[in-house]
Amino acid sequence: MRFTQLRAFHALASTGGFTKAAQHLGVSQPAITAQLKAIEETYGVALFDRNGHRLTLTDTGKYLLQISSHVFRLLEEAEDLLTAASELRAGTIRVGADNPFFIMDLLSAFRSRFPTLKVTVDMGSGFAVLDAVKKYETDVAVVTTAEVPQEFIAEPFSRLQLMLLVRPAHPWAKRDSVSVREIGAEPLVLRETGSLTRQTLLDSLAAIGARPNVMFELSSQVAVREAVASGLGIGVELDGGLAPDDRIKLVRVADAAVSCQEYVVCRRDRYDLRKIKAFFDIAREIGPTLPRVRRLRGTAE
């Protein structure tokens with residue numbers, strides 16, 4: 001059965017007459033008659049008993065009306081769903097991040113603008129976050145990376161300075177900055193291979209011919225902090241990467257532009273989705289005004 005035939009039957013059964021059904025659908029009365037005739041002749045059934053101008057549903061017609069009513073209720077629900085989603089009143093946006101610091105401010109702003117849109121957040125390494133976006137597992141992400149692959153659209157959000165992590169008792173804790181060459185002589189506590197913070201520091205040391213003294217490799221930035229606080233070595237971290245900790249002091253690197261760019265990213269073929277554009281718009285709008293961004297820029301620039 002064609003959809004137009006079911007629609008004509010439903011309108012006729014609901015309104016009780018050919019003229020009203022035609023007016024309801026915005027078609028001619030003969031069109032309604034032709035659609036009903038096609039159903040009855042195709043399946044060899046009678047859907048209405050005709051007594052002059054009066055139409056009465058047959059038993060088959062009554063069952064078909066139950067089905068058609070269910071079908072058109074579902075269509076209305078589908079339209080309501082899509083309308084709500086297109087207006088960002090319903091649905092889900094999947095967000096990825098490699099750092100909880102800035103993403104929470106963006107999520108708060110996004111939620112205040114679209115309170116009924118569900119938001120899910122997956123945290124992971126920069127590589128894992130970009131991979132999830134690439135595989136359509138994540139809609140949009142805030143990630144710190146040295147290079148953005150061509151299949152992504154990316155807009156800079158903030159530039160983050162790489163800072164040294166030392167214990168308050170360490171001699172460097174009272175200094176404003178430390179040179180790259182000095183770092184090479186210290187025992188280092190770094191993230192695993194593939195970490196952007198790790199590679200950024202190692203590249204800076206390699207540029208001056210310094211050989212790093214890596215004593216520990218850990219799989220999370222929280223673990224790096226705990227190791228530094230326990231006196232196991234010097235760590236590195238992007239400014240603002242985690243909340244302040246009295247057991248840790250952050251020290252700037254004096255003679256090298258050791259920084260990383262943070263981006264809002266999505267796949268190129270998904271940028272036109274309203275929810276993704278809305279996320280970009282909010283990041284673009286409020287990013288520079290966030291108190292944390294202003295504070296970090298004041299200390300890092």
# chains A, B, ... in the order shown; residues from 1 in each chain; ligands from 1

call {"tool": "residues_around", "arguments": {"residues": "Leu12 (chain A)", "least_positions_apart": "3", "cutoff": "12 Å", "atoms": "only C-alpha atoms", "output": "short mmCIF file (atom, residue, chain, number, x, y, z; two decimals) with N, CA and C atoms, in the first residue's frame"}}
result
data_model
loop_
_atom_site.label_atom_id
_atom_site.label_comp_id
_atom_site.auth_asym_id
_atom_site.auth_seq_id
_atom_site.Cartn_x
_atom_site.Cartn_y
_atom_site.Cartn_z
N GLN A 5 -2.28 6.44 -0.32
CA GLN A 5 -3.53 5.69 -0.19
C GLN A 5 -3.96 5.57 1.27
N LEU A 6 -3.00 5.25 2.13
CA LEU A 6 -3.31 5.14 3.56
C LEU A 6 -3.73 6.50 4.11
N ARG A 7 -3.07 7.55 3.66
CA ARG A 7 -3.41 8.90 4.14
C ARG A 7 -4.83 9.27 3.71
N ALA A 8 -5.21 8.94 2.45
CA ALA A 8 -6.55 9.24 1.97
C ALA A 8 -7.60 8.46 2.77
N PHE A 9 -7.34 7.18 3.01
CA PHE A 9 -8.27 6.37 3.81
C PHE A 9 -8.43 6.96 5.21
N THR A 15 -12.87 11.97 8.97
CA THR A 15 -13.79 13.10 8.73
C THR A 15 -15.20 12.64 8.39
N GLY A 16 -15.32 11.42 7.86
CA GLY A 16 -16.63 10.87 7.56
C GLY A 16 -17.21 11.24 6.22
N GLY A 17 -16.44 11.94 5.38
CA GLY A 17 -16.98 12.31 4.08
C GLY A 17 -15.89 12.65 3.09
N PHE A 18 -16.18 12.47 1.80
CA PHE A 18 -15.18 12.71 0.77
C PHE A 18 -14.81 14.20 0.67
N THR A 19 -15.81 15.07 0.76
CA THR A 19 -15.54 16.50 0.65
C THR A 19 -14.64 16.98 1.79
N LYS A 20 -14.99 16.59 3.03
CA LYS A 20 -14.18 17.00 4.19
C LYS A 20 -12.77 16.41 4.12
N ALA A 21 -12.66 15.18 3.69
CA ALA A 21 -11.34 14.54 3.58
C ALA A 21 -10.48 15.26 2.55
N ALA A 22 -11.10 15.63 1.41
CA ALA A 22 -10.35 16.34 0.38
C ALA A 22 -9.90 17.71 0.88
N GLN A 23 -10.78 18.40 1.61
CA GLN A 23 -10.40 19.71 2.17
C GLN A 23 -9.29 19.57 3.20
N HIS A 24 -9.39 18.53 4.00
CA HIS A 24 -8.37 18.30 5.04
C HIS A 24 -6.99 18.08 4.44
N LEU A 25 -6.93 17.35 3.33
CA LEU A 25 -5.64 17.03 2.71
C LEU A 25 -5.24 18.05 1.64
N GLN A 29 -11.69 16.05 -4.50
CA GLN A 29 -12.51 14.92 -4.05
C GLN A 29 -12.31 13.68 -4.91
N ALA A 31 -9.63 12.71 -6.22
CA ALA A 31 -8.37 12.09 -5.82
C ALA A 31 -8.58 11.17 -4.63
N ILE A 32 -9.42 11.59 -3.67
CA ILE A 32 -9.73 10.74 -2.52
C ILE A 32 -10.46 9.48 -2.97
N THR A 33 -11.41 9.68 -3.86
CA THR A 33 -12.17 8.54 -4.37
C THR A 33 -11.26 7.53 -5.07
N GLN A 35 -8.00 7.03 -4.65
CA GLN A 35 -7.09 6.36 -3.71
C GLN A 35 -7.82 5.25 -2.96
N LEU A 36 -9.06 5.52 -2.54
CA LEU A 36 -9.82 4.50 -1.81
C LEU A 36 -10.14 3.33 -2.73
N LEU A 47 -13.84 -1.32 2.56
CA LEU A 47 -13.45 -0.59 3.78
C LEU A 47 -14.62 0.23 4.33
N PHE A 48 -15.57 0.55 3.48
CA PHE A 48 -16.73 1.32 3.92
C PHE A 48 -18.00 0.67 3.37
N ARG A 54 -23.86 8.51 3.23
CA ARG A 54 -23.34 8.13 4.54
C ARG A 54 -22.36 6.98 4.41
N LEU A 55 -21.21 7.12 5.08
CA LEU A 55 -20.16 6.09 5.06
C LEU A 55 -20.04 5.46 6.43
N THR A 56 -19.99 4.13 6.46
CA THR A 56 -19.79 3.41 7.70
C THR A 56 -18.64 2.43 7.51
N LEU A 57 -17.72 2.43 8.44
CA LEU A 57 -16.57 1.53 8.34
C LEU A 57 -16.99 0.08 8.48
N GLY A 61 -12.30 -2.11 7.76
CA GLY A 61 -12.02 -0.68 7.81
C GLY A 61 -11.71 -0.21 9.22
N LEU A 65 -8.30 1.45 10.41
CA LEU A 65 -8.27 2.78 11.04
C LEU A 65 -7.43 2.75 12.32
N SER A 68 -3.89 2.82 10.99
CA SER A 68 -3.52 4.11 10.41
C SER A 68 -3.41 5.18 11.50
#

call {"tool": "select_by_dssp", "arguments": {"residues": "region 104-191 of chain A", "states": "helix (DSSP H, G or I)", "output": "ChimeraX atom specification"}}
result
/A:104-113,126-134,171-174,180-183

call {"tool": "write_last_selection", "arguments": {"atoms": "C-alpha atoms", "output": "mmCIF file, in the first residue's frame"}}
result
data_model
loop_
_atom_site.group_PDB
_atom_site.id
_atom_site.type_symbol
_atom_site.label_atom_id
_atom_site.label_comp_id
_atom_site.auth_asym_id
_atom_site.auth_seq_id
_atom_site.Cartn_x
_atom_site.Cartn_y
_atom_site.Cartn_z
ATOM 1 C CA MET A 104 33.384 22.602 32.327
ATOM 2 C CA ASP A 105 33.032 26.337 31.698
ATOM 3 C CA LEU A 106 31.908 25.668 28.133
ATOM 4 C CA LEU A 107 29.475 22.976 29.239
ATOM 5 C CA SER A 108 27.978 25.323 31.811
ATOM 6 C CA ALA A 109 27.456 28.028 29.196
ATOM 7 C CA PHE A 110 26.056 25.529 26.686
ATOM 8 C CA ARG A 111 23.659 24.037 29.229
ATOM 9 C CA SER A 112 22.356 27.450 30.266
ATOM 10 C CA ARG A 113 21.624 28.224 26.605
ATOM 11 C CA GLY A 126 44.188 14.051 23.026
ATOM 12 C CA PHE A 127 44.795 11.162 20.649
ATOM 13 C CA ALA A 128 41.825 9.189 21.998
ATOM 14 C CA VAL A 129 39.535 12.219 21.861
ATOM 15 C CA LEU A 130 40.393 12.997 18.232
ATOM 16 C CA ASP A 131 40.009 9.335 17.317
ATOM 17 C CA ALA A 132 36.512 9.284 18.842
ATOM 18 C CA VAL A 133 35.535 12.356 16.799
ATOM 19 C CA LYS A 134 36.959 10.724 13.667
ATOM 20 C CA PRO A 171 64.790 25.420 45.283
ATOM 21 C CA TRP A 172 62.903 26.334 42.094
ATOM 22 C CA ALA A 173 59.644 26.874 43.991
ATOM 23 C CA LYS A 174 60.805 30.389 44.948
ATOM 24 C CA VAL A 180 65.353 24.751 29.575
ATOM 25 C CA ARG A 181 69.001 23.821 30.089
ATOM 26 C CA GLU A 182 68.492 23.577 33.859
ATOM 27 C CA ILE A 183 65.613 21.140 33.356
#

call {"tool": "residues_around", "arguments": {"residues": "region 145-159 of chain A", "least_positions_apart": "3", "cutoff": "7 Å", "atoms": "only C-alpha atoms", "output": "PDB file with N, CA and C atoms, in the first residue's frame"}}
result
ATOM      1  N   GLY A 126      44.479  13.321  24.249  1.00  0.00           N
ATOM      2  CA  GLY A 126      44.188  14.051  23.026  1.00  0.00           C
ATOM      3  C   GLY A 126      44.022  13.129  21.834  1.00  0.00           C
ATOM      4  N   LEU A 196      51.085  14.941  24.773  1.00  0.00           N
ATOM      5  CA  LEU A 196      51.516  16.206  24.189  1.00  0.00           C
ATOM      6  C   LEU A 196      52.426  16.978  25.138  1.00  0.00           C
ATOM      7  N   SER A 259      54.585  26.100  24.572  1.00  0.00           N
ATOM      8  CA  SER A 259      53.136  26.246  24.720  1.00  0.00           C
ATOM      9  C   SER A 259      52.422  25.342  23.727  1.00  0.00           C
ATOM     10  N   CYS A 260      51.148  25.141  23.985  1.00  0.00           N
ATOM     11  CA  CYS A 260      50.322  24.282  23.133  1.00  0.00           C
ATOM     12  C   CYS A 260      49.002  24.991  22.852  1.00  0.00           C
ATOM     13  N   GLN A 261      48.430  24.705  21.703  1.00  0.00           N
ATOM     14  CA  GLN A 261      47.172  25.332  21.327  1.00  0.00           C
ATOM     15  C   GLN A 261      46.001  24.405  21.638  1.00  0.00           C
ATOM     16  N   GLU A 262      44.982  24.970  22.247  1.00  0.00           N
ATOM     17  CA  GLU A 262      43.761  24.225  22.521  1.00  0.00           C
ATOM     18  C   GLU A 262      42.732  24.596  21.465  1.00  0.00           C
ATOM     19  N   TYR A 263      42.024  23.586  20.945  1.00  0.00           N
ATOM     20  CA  TYR A 263      41.075  23.796  19.854  1.00  0.00           C
ATOM     21  C   TYR A 263      39.697  23.228  20.201  1.00  0.00           C
ATOM     22  N   VAL A 264      38.687  23.800  19.568  1.00  0.00           N
ATOM     23  CA  VAL A 264      37.375  23.172  19.488  1.00  0.00           C
ATOM     24  C   VAL A 264      37.327  22.507  18.114  1.00  0.00           C
ATOM     25  N   VAL A 265      37.029  21.207  18.063  1.00  0.00           N
ATOM     26  CA  VAL A 265      37.131  20.466  16.806  1.00  0.00           C
ATOM     27  C   VAL A 265      35.888  19.617  16.552  1.00  0.00           C
ATOM     28  N   CYS A 266      35.652  19.356  15.265  1.00  0.00           N
ATOM     29  CA  CYS A 266      34.633  18.400  14.848  1.00  0.00           C
ATOM     30  C   CYS A 266      35.010  17.888  13.466  1.00  0.00           C
ATOM     31  N   ARG A 267      34.361  16.864  13.007  1.00  0.00           N
ATOM     32  CA  ARG A 267      34.568  16.392  11.645  1.00  0.00           C
ATOM     33  C   ARG A 267      34.017  17.428  10.659  1.00  0.00           C
ATOM     34  N   ARG A 268      34.677  17.574   9.519  1.00  0.00           N
ATOM     35  CA  ARG A 268      34.219  18.530   8.515  1.00  0.00           C
ATOM     36  C   ARG A 268      32.814  18.210   8.014  1.00  0.00           C
ATOM     37  N   GLY A 287      34.518  32.091  25.103  1.00  0.00           N
ATOM     38  CA  GLY A 287      35.861  31.617  25.423  1.00  0.00           C
ATOM     39  C   GLY A 287      36.796  32.695  25.944  1.00  0.00           C
TER      40      GLY A 287
END

call {"tool": "select_by_dssp", "arguments": {"residues": "region 52-262 of chain A", "states": "strand (DSSP E)", "output": "PDB file with N, CA and C atoms, in the first residue's frame"}}
result
ATOM      1  N   ARG A  54     -23.858   8.513   3.229  1.00  0.00           N
ATOM      2  CA  ARG A  54     -23.340   8.128   4.543  1.00  0.00           C
ATOM      3  C   ARG A  54     -22.357   6.977   4.411  1.00  0.00           C
ATOM      4  N   LEU A  55     -21.206   7.123   5.079  1.00  0.00           N
ATOM      5  CA  LEU A  55     -20.162   6.088   5.055  1.00  0.00           C
ATOM      6  C   LEU A  55     -20.038   5.463   6.435  1.00  0.00           C
ATOM      7  N   THR A  56     -19.990   4.132   6.456  1.00  0.00           N
ATOM      8  CA  THR A  56     -19.793   3.406   7.705  1.00  0.00           C
ATOM      9  C   THR A  56     -18.640   2.431   7.509  1.00  0.00           C
ATOM     10  N   LEU A  57     -17.717   2.433   8.441  1.00  0.00           N
ATOM     11  CA  LEU A  57     -16.569   1.530   8.339  1.00  0.00           C
ATOM     12  C   LEU A  57     -16.995   0.080   8.478  1.00  0.00           C
ATOM     13  N   THR A  92      20.752  14.725  21.930  1.00  0.00           N
ATOM     14  CA  THR A  92      21.987  14.582  22.701  1.00  0.00           C
ATOM     15  C   THR A  92      23.157  15.126  21.903  1.00  0.00           C
ATOM     16  N   ILE A  93      24.069  15.807  22.579  1.00  0.00           N
ATOM     17  CA  ILE A  93      25.341  16.183  21.975  1.00  0.00           C
ATOM     18  C   ILE A  93      26.441  15.483  22.758  1.00  0.00           C
ATOM     19  N   ARG A  94      27.328  14.809  22.034  1.00  0.00           N
ATOM     20  CA  ARG A  94      28.412  14.046  22.655  1.00  0.00           C
ATOM     21  C   ARG A  94      29.697  14.869  22.558  1.00  0.00           C
ATOM     22  N   VAL A  95      30.242  15.207  23.709  1.00  0.00           N
ATOM     23  CA  VAL A  95      31.401  16.091  23.792  1.00  0.00           C
ATOM     24  C   VAL A  95      32.610  15.314  24.295  1.00  0.00           C
ATOM     25  N   GLY A  96      33.759  15.566  23.706  1.00  0.00           N
ATOM     26  CA  GLY A  96      35.001  14.963  24.161  1.00  0.00           C
ATOM     27  C   GLY A  96      35.950  16.031  24.670  1.00  0.00           C
ATOM     28  N   ALA A  97      36.840  15.657  25.572  1.00  0.00           N
ATOM     29  CA  ALA A  97      37.814  16.612  26.108  1.00  0.00           C
ATOM     30  C   ALA A  97      39.008  15.872  26.672  1.00  0.00           C
ATOM     31  N   LYS A 118      20.439  17.022  26.073  1.00  0.00           N
ATOM     32  CA  LYS A 118      21.287  16.152  26.890  1.00  0.00           C
ATOM     33  C   LYS A 118      22.730  16.238  26.426  1.00  0.00           C
ATOM     34  N   VAL A 119      23.652  16.309  27.390  1.00  0.00           N
ATOM     35  CA  VAL A 119      25.080  16.407  27.082  1.00  0.00           C
ATOM     36  C   VAL A 119      25.805  15.231  27.730  1.00  0.00           C
ATOM     37  N   THR A 120      26.571  14.493  26.937  1.00  0.00           N
ATOM     38  CA  THR A 120      27.436  13.450  27.477  1.00  0.00           C
ATOM     39  C   THR A 120      28.886  13.854  27.222  1.00  0.00           C
ATOM     40  N   VAL A 121      29.768  13.530  28.148  1.00  0.00           N
ATOM     41  CA  VAL A 121      31.173  13.945  28.049  1.00  0.00           C
ATOM     42  C   VAL A 121      32.081  12.740  28.254  1.00  0.00           C
ATOM     43  N   ASP A 122      33.017  12.563  27.333  1.00  0.00           N
ATOM     44  CA  ASP A 122      34.041  11.528  27.461  1.00  0.00           C
ATOM     45  C   ASP A 122      35.401  12.198  27.588  1.00  0.00           C
ATOM     46  N   MET A 123      36.129  11.848  28.640  1.00  0.00           N
ATOM     47  CA  MET A 123      37.463  12.395  28.861  1.00  0.00           C
ATOM     48  C   MET A 123      38.496  11.359  28.440  1.00  0.00           C
ATOM     49  N   VAL A 140      31.679  16.718  19.053  1.00  0.00           N
ATOM     50  CA  VAL A 140      32.561  17.880  19.093  1.00  0.00           C
ATOM     51  C   VAL A 140      33.483  17.727  20.295  1.00  0.00           C
ATOM     52  N   ALA A 141      34.666  18.307  20.224  1.00  0.00           N
ATOM     53  CA  ALA A 141      35.624  18.120  21.319  1.00  0.00           C
ATOM     54  C   ALA A 141      36.442  19.381  21.542  1.00  0.00           C
ATOM     55  N   VAL A 142      36.949  19.495  22.755  1.00  0.00           N
ATOM     56  CA  VAL A 142      37.928  20.523  23.105  1.00  0.00           C
ATOM     57  C   VAL A 142      39.209  19.782  23.433  1.00  0.00           C
ATOM     58  N   VAL A 143      40.232  20.011  22.628  1.00  0.00           N
ATOM     59  CA  VAL A 143      41.430  19.193  22.738  1.00  0.00           C
ATOM     60  C   VAL A 143      42.676  20.035  22.492  1.00  0.00           C
ATOM     61  N   THR A 144      43.727  19.715  23.192  1.00  0.00           N
ATOM     62  CA  THR A 144      45.010  20.373  23.011  1.00  0.00           C
ATOM     63  C   THR A 144      45.863  19.507  22.098  1.00  0.00           C
ATOM     64  N   THR A 145      46.304  20.068  20.999  1.00  0.00           N
ATOM     65  CA  THR A 145      47.055  19.281  20.032  1.00  0.00           C
ATOM     66  C   THR A 145      48.040  20.157  19.284  1.00  0.00           C
ATOM     67  N   PHE A 152      39.319  17.395  10.057  1.00  0.00           N
ATOM     68  CA  PHE A 152      38.633  18.127  11.110  1.00  0.00           C
ATOM     69  C   PHE A 152      38.537  19.617  10.793  1.00  0.00           C
ATOM     70  N   ILE A 153      37.485  20.230  11.273  1.00  0.00           N
ATOM     71  CA  ILE A 153      37.410  21.684  11.375  1.00  0.00           C
ATOM     72  C   ILE A 153      37.809  22.034  12.796  1.00  0.00           C
ATOM     73  N   ALA A 154      38.712  22.973  12.943  1.00  0.00           N
ATOM     74  CA  ALA A 154      39.212  23.324  14.275  1.00  0.00           C
ATOM     75  C   ALA A 154      39.313  24.835  14.407  1.00  0.00           C
ATOM     76  N   GLU A 155      38.909  25.346  15.550  1.00  0.00           N
ATOM     77  CA  GLU A 155      39.058  26.765  15.858  1.00  0.00           C
ATOM     78  C   GLU A 155      39.852  26.906  17.150  1.00  0.00           C
ATOM     79  N   PRO A 156      40.879  27.748  17.154  1.00  0.00           N
ATOM     80  CA  PRO A 156      41.664  27.946  18.373  1.00  0.00           C
ATOM     81  C   PRO A 156      40.798  28.461  19.507  1.00  0.00           C
ATOM     82  N   PHE A 157      41.004  27.898  20.668  1.00  0.00           N
ATOM     83  CA  PHE A 157      40.245  28.329  21.842  1.00  0.00           C
ATOM     84  C   PHE A 157      41.148  29.068  22.827  1.00  0.00           C
ATOM     85  N   SER A 158      42.295  28.492  23.122  1.00  0.00           N
ATOM     86  CA  SER A 158      43.228  29.146  24.041  1.00  0.00           C
ATOM     87  C   SER A 158      44.613  28.540  23.871  1.00  0.00           C
ATOM     88  N   ARG A 159      45.626  29.363  24.053  1.00  0.00           N
ATOM     89  CA  ARG A 159      47.007  28.860  24.034  1.00  0.00           C
ATOM     90  C   ARG A 159      47.448  28.670  25.473  1.00  0.00           C
ATOM     91  N   LEU A 160      47.942  27.480  25.765  1.00  0.00           N
ATOM     92  CA  LEU A 160      48.310  27.119  27.127  1.00  0.00           C
ATOM     93  C   LEU A 160      49.815  26.966  27.261  1.00  0.00           C
ATOM     94  N   GLN A 161      50.361  27.570  28.284  1.00  0.00           N
ATOM     95  CA  GLN A 161      51.790  27.514  28.546  1.00  0.00           C
ATOM     96  C   GLN A 161      52.144  26.239  29.308  1.00  0.00           C
ATOM     97  N   LEU A 162      53.242  25.607  28.906  1.00  0.00           N
ATOM     98  CA  LEU A 162      53.718  24.438  29.638  1.00  0.00           C
ATOM     99  C   LEU A 162      54.489  24.909  30.867  1.00  0.00           C
ATOM    100  N   MET A 163      54.093  24.429  32.024  1.00  0.00           N
ATOM    101  CA  MET A 163      54.701  24.833  33.289  1.00  0.00           C
ATOM    102  C   MET A 163      55.409  23.644  33.938  1.00  0.00           C
ATOM    103  N   LEU A 164      56.401  23.944  34.744  1.00  0.00           N
ATOM    104  CA  LEU A 164      57.080  22.909  35.525  1.00  0.00           C
ATOM    105  C   LEU A 164      56.352  22.706  36.842  1.00  0.00           C
ATOM    106  N   LEU A 165      56.335  21.463  37.310  1.00  0.00           N
ATOM    107  CA  LEU A 165      55.746  21.132  38.602  1.00  0.00           C
ATOM    108  C   LEU A 165      56.860  20.754  39.567  1.00  0.00           C
ATOM    109  N   VAL A 166      56.909  21.454  40.688  1.00  0.00           N
ATOM    110  CA  VAL A 166      57.927  21.146  41.709  1.00  0.00           C
ATOM    111  C   VAL A 166      57.276  21.154  43.079  1.00  0.00           C
ATOM    112  N   SER A 177      60.985  31.665  37.143  1.00  0.00           N
ATOM    113  CA  SER A 177      61.165  30.882  35.922  1.00  0.00           C
ATOM    114  C   SER A 177      62.454  30.067  36.004  1.00  0.00           C
ATOM    115  N   VAL A 178      62.534  29.084  35.103  1.00  0.00           N
ATOM    116  CA  VAL A 178      63.688  28.191  35.022  1.00  0.00           C
ATOM    117  C   VAL A 178      64.031  28.025  33.554  1.00  0.00           C
ATOM    118  N   PRO A 187      65.702  15.006  37.579  1.00  0.00           N
ATOM    119  CA  PRO A 187      64.913  13.791  37.346  1.00  0.00           C
ATOM    120  C   PRO A 187      63.486  14.179  36.957  1.00  0.00           C
ATOM    121  N   LEU A 188      63.008  13.612  35.882  1.00  0.00           N
ATOM    122  CA  LEU A 188      61.708  13.999  35.347  1.00  0.00           C
ATOM    123  C   LEU A 188      60.656  12.918  35.581  1.00  0.00           C
ATOM    124  N   VAL A 189      59.440  13.369  35.865  1.00  0.00           N
ATOM    125  CA  VAL A 189      58.273  12.507  35.958  1.00  0.00           C
ATOM    126  C   VAL A 189      57.330  12.943  34.842  1.00  0.00           C
ATOM    127  N   LEU A 190      57.165  12.104  33.832  1.00  0.00           N
ATOM    128  CA  LEU A 190      56.410  12.502  32.649  1.00  0.00           C
ATOM    129  C   LEU A 190      55.262  11.537  32.358  1.00  0.00           C
ATOM    130  N   ARG A 191      54.353  12.015  31.512  1.00  0.00           N
ATOM    131  CA  ARG A 191      53.290  11.156  30.995  1.00  0.00           C
ATOM    132  C   ARG A 191      53.878  10.130  30.034  1.00  0.00           C
ATOM    133  N   ASN A 213      66.368  13.350  31.676  1.00  0.00           N
ATOM    134  CA  ASN A 213      66.581  12.324  32.685  1.00  0.00           C
ATOM    135  C   ASN A 213      65.212  11.842  33.171  1.00  0.00           C
ATOM    136  N   VAL A 214      64.557  11.024  32.368  1.00  0.00           N
ATOM    137  CA  VAL A 214      63.197  10.568  32.676  1.00  0.00           C
ATOM    138  C   VAL A 214      63.267   9.398  33.654  1.00  0.00           C
ATOM    139  N   MET A 215      62.776   9.635  34.856  1.00  0.00           N
ATOM    140  CA  MET A 215      62.822   8.617  35.899  1.00  0.00           C
ATOM    141  C   MET A 215      61.538   7.808  35.990  1.00  0.00           C
ATOM    142  N   PHE A 216      60.392   8.451  35.727  1.00  0.00           N
ATOM    143  CA  PHE A 216      59.097   7.775  35.825  1.00  0.00           C
ATOM    144  C   PHE A 216      58.217   8.172  34.645  1.00  0.00           C
ATOM    145  N   GLU A 217      57.459   7.202  34.144  1.00  0.00           N
ATOM    146  CA  GLU A 217      56.444   7.451  33.125  1.00  0.00           C
ATOM    147  C   GLU A 217      55.104   6.995  33.687  1.00  0.00           C
ATOM    148  N   LEU A 218      54.141   7.908  33.721  1.00  0.00           N
ATOM    149  CA  LEU A 218      52.841   7.632  34.333  1.00  0.00           C
ATOM    150  C   LEU A 218      51.714   7.906  33.332  1.00  0.00           C
ATOM    151  N   GLY A 235      57.838  17.507  37.292  1.00  0.00           N
ATOM    152  CA  GLY A 235      56.829  17.202  36.293  1.00  0.00           C
ATOM    153  C   GLY A 235      56.535  18.398  35.407  1.00  0.00           C
ATOM    154  N   VAL A 236      55.702  18.198  34.410  1.00  0.00           N
ATOM    155  CA  VAL A 236      55.253  19.297  33.551  1.00  0.00           C
ATOM    156  C   VAL A 236      53.747  19.209  33.394  1.00  0.00           C
ATOM    157  N   GLU A 237      53.144  20.383  33.126  1.00  0.00           N
ATOM    158  CA  GLU A 237      51.693  20.443  33.023  1.00  0.00           C
ATOM    159  C   GLU A 237      51.305  21.722  32.289  1.00  0.00           C
ATOM    160  N   LEU A 238      50.230  21.656  31.527  1.00  0.00           N
ATOM    161  CA  LEU A 238      49.711  22.861  30.901  1.00  0.00           C
ATOM    162  C   LEU A 238      49.027  23.710  31.960  1.00  0.00           C
ATOM    163  N   LYS A 249      54.000  23.491  43.190  1.00  0.00           N
ATOM    164  CA  LYS A 249      54.254  24.839  42.699  1.00  0.00           C
ATOM    165  C   LYS A 249      54.478  24.780  41.194  1.00  0.00           C
ATOM    166  N   LEU A 250      53.889  25.738  40.473  1.00  0.00           N
ATOM    167  CA  LEU A 250      54.075  25.829  39.025  1.00  0.00           C
ATOM    168  C   LEU A 250      55.098  26.907  38.714  1.00  0.00           C
ATOM    169  N   VAL A 251      56.076  26.564  37.898  1.00  0.00           N
ATOM    170  CA  VAL A 251      57.166  27.480  37.560  1.00  0.00           C
ATOM    171  C   VAL A 251      57.253  27.609  36.040  1.00  0.00           C
ATOM    172  N   ARG A 252      57.395  28.805  35.542  1.00  0.00           N
ATOM    173  CA  ARG A 252      57.461  29.049  34.104  1.00  0.00           C
ATOM    174  C   ARG A 252      58.824  28.675  33.535  1.00  0.00           C
ATOM    175  N   VAL A 253      58.834  28.354  32.244  1.00  0.00           N
ATOM    176  CA  VAL A 253      60.074  28.102  31.512  1.00  0.00           C
ATOM    177  C   VAL A 253      60.487  29.427  30.874  1.00  0.00           C
ATOM    178  N   SER A 259      54.585  26.100  24.572  1.00  0.00           N
ATOM    179  CA  SER A 259      53.136  26.246  24.720  1.00  0.00           C
ATOM    180  C   SER A 259      52.422  25.342  23.727  1.00  0.00           C
ATOM    181  N   CYS A 260      51.148  25.141  23.985  1.00  0.00           N
ATOM    182  CA  CYS A 260      50.322  24.282  23.133  1.00  0.00           C
ATOM    183  C   CYS A 260      49.002  24.991  22.852  1.00  0.00           C
ATOM    184  N   GLN A 261      48.430  24.705  21.703  1.00  0.00           N
ATOM    185  CA  GLN A 261      47.172  25.332  21.327  1.00  0.00           C
ATOM    186  C   GLN A 261      46.001  24.405  21.638  1.00  0.00           C
ATOM    187  N   GLU A 262      44.982  24.970  22.247  1.00  0.00           N
ATOM    188  CA  GLU A 262      43.761  24.225  22.521  1.00  0.00           C
ATOM    189  C   GLU A 262      42.732  24.596  21.465  1.00  0.00           C
TER     190      GLU A 262
END

call {"tool": "closest_residue", "arguments": {"among": "A:Ser219, A:Asn51, A:Asp59, A:Thr83", "to": "Thr193 (chain A)", "atoms": "only C-alpha atoms"}}
result
A:Ser219

call {"tool": "closest_residue", "arguments": {"among": "A:Asp176, A:Asp272, A:Asp139, A:Asp255", "to": "Ser86 (chain A)", "atoms": "only C-alpha atoms"}}
result
A:Asp272

call {"tool": "closest_residue", "arguments": {"among": "A:Leu88, A:Ser14, A:Leu82, A:Asp245", "to": "Gln66 (chain A)", "atoms": "only C-alpha atoms"}}
result
A:Ser14

call {"tool": "closest_residue", "arguments": {"among": "A:Ala278, A:Ala84, A:Ala243, A:Leu205", "to": "Gln221 (chain A)", "atoms": "only C-alpha atoms"}}
result
A:Ala243

call {"tool": "atom_distance", "arguments": {"atom1": "CA of Asp203 (chain A)", "atom2": "CA of Ala254 (chain A)"}}
result
15.5 Å

call {"tool": "residues_around", "arguments": {"residues": "Met1 (chain A)", "least_positions_apart": "5", "cutoff": "10 Å", "atoms": "only C-alpha atoms", "output": "MDAnalysis selection string"}}
result
chainID A and resid 6 38:39 42:43
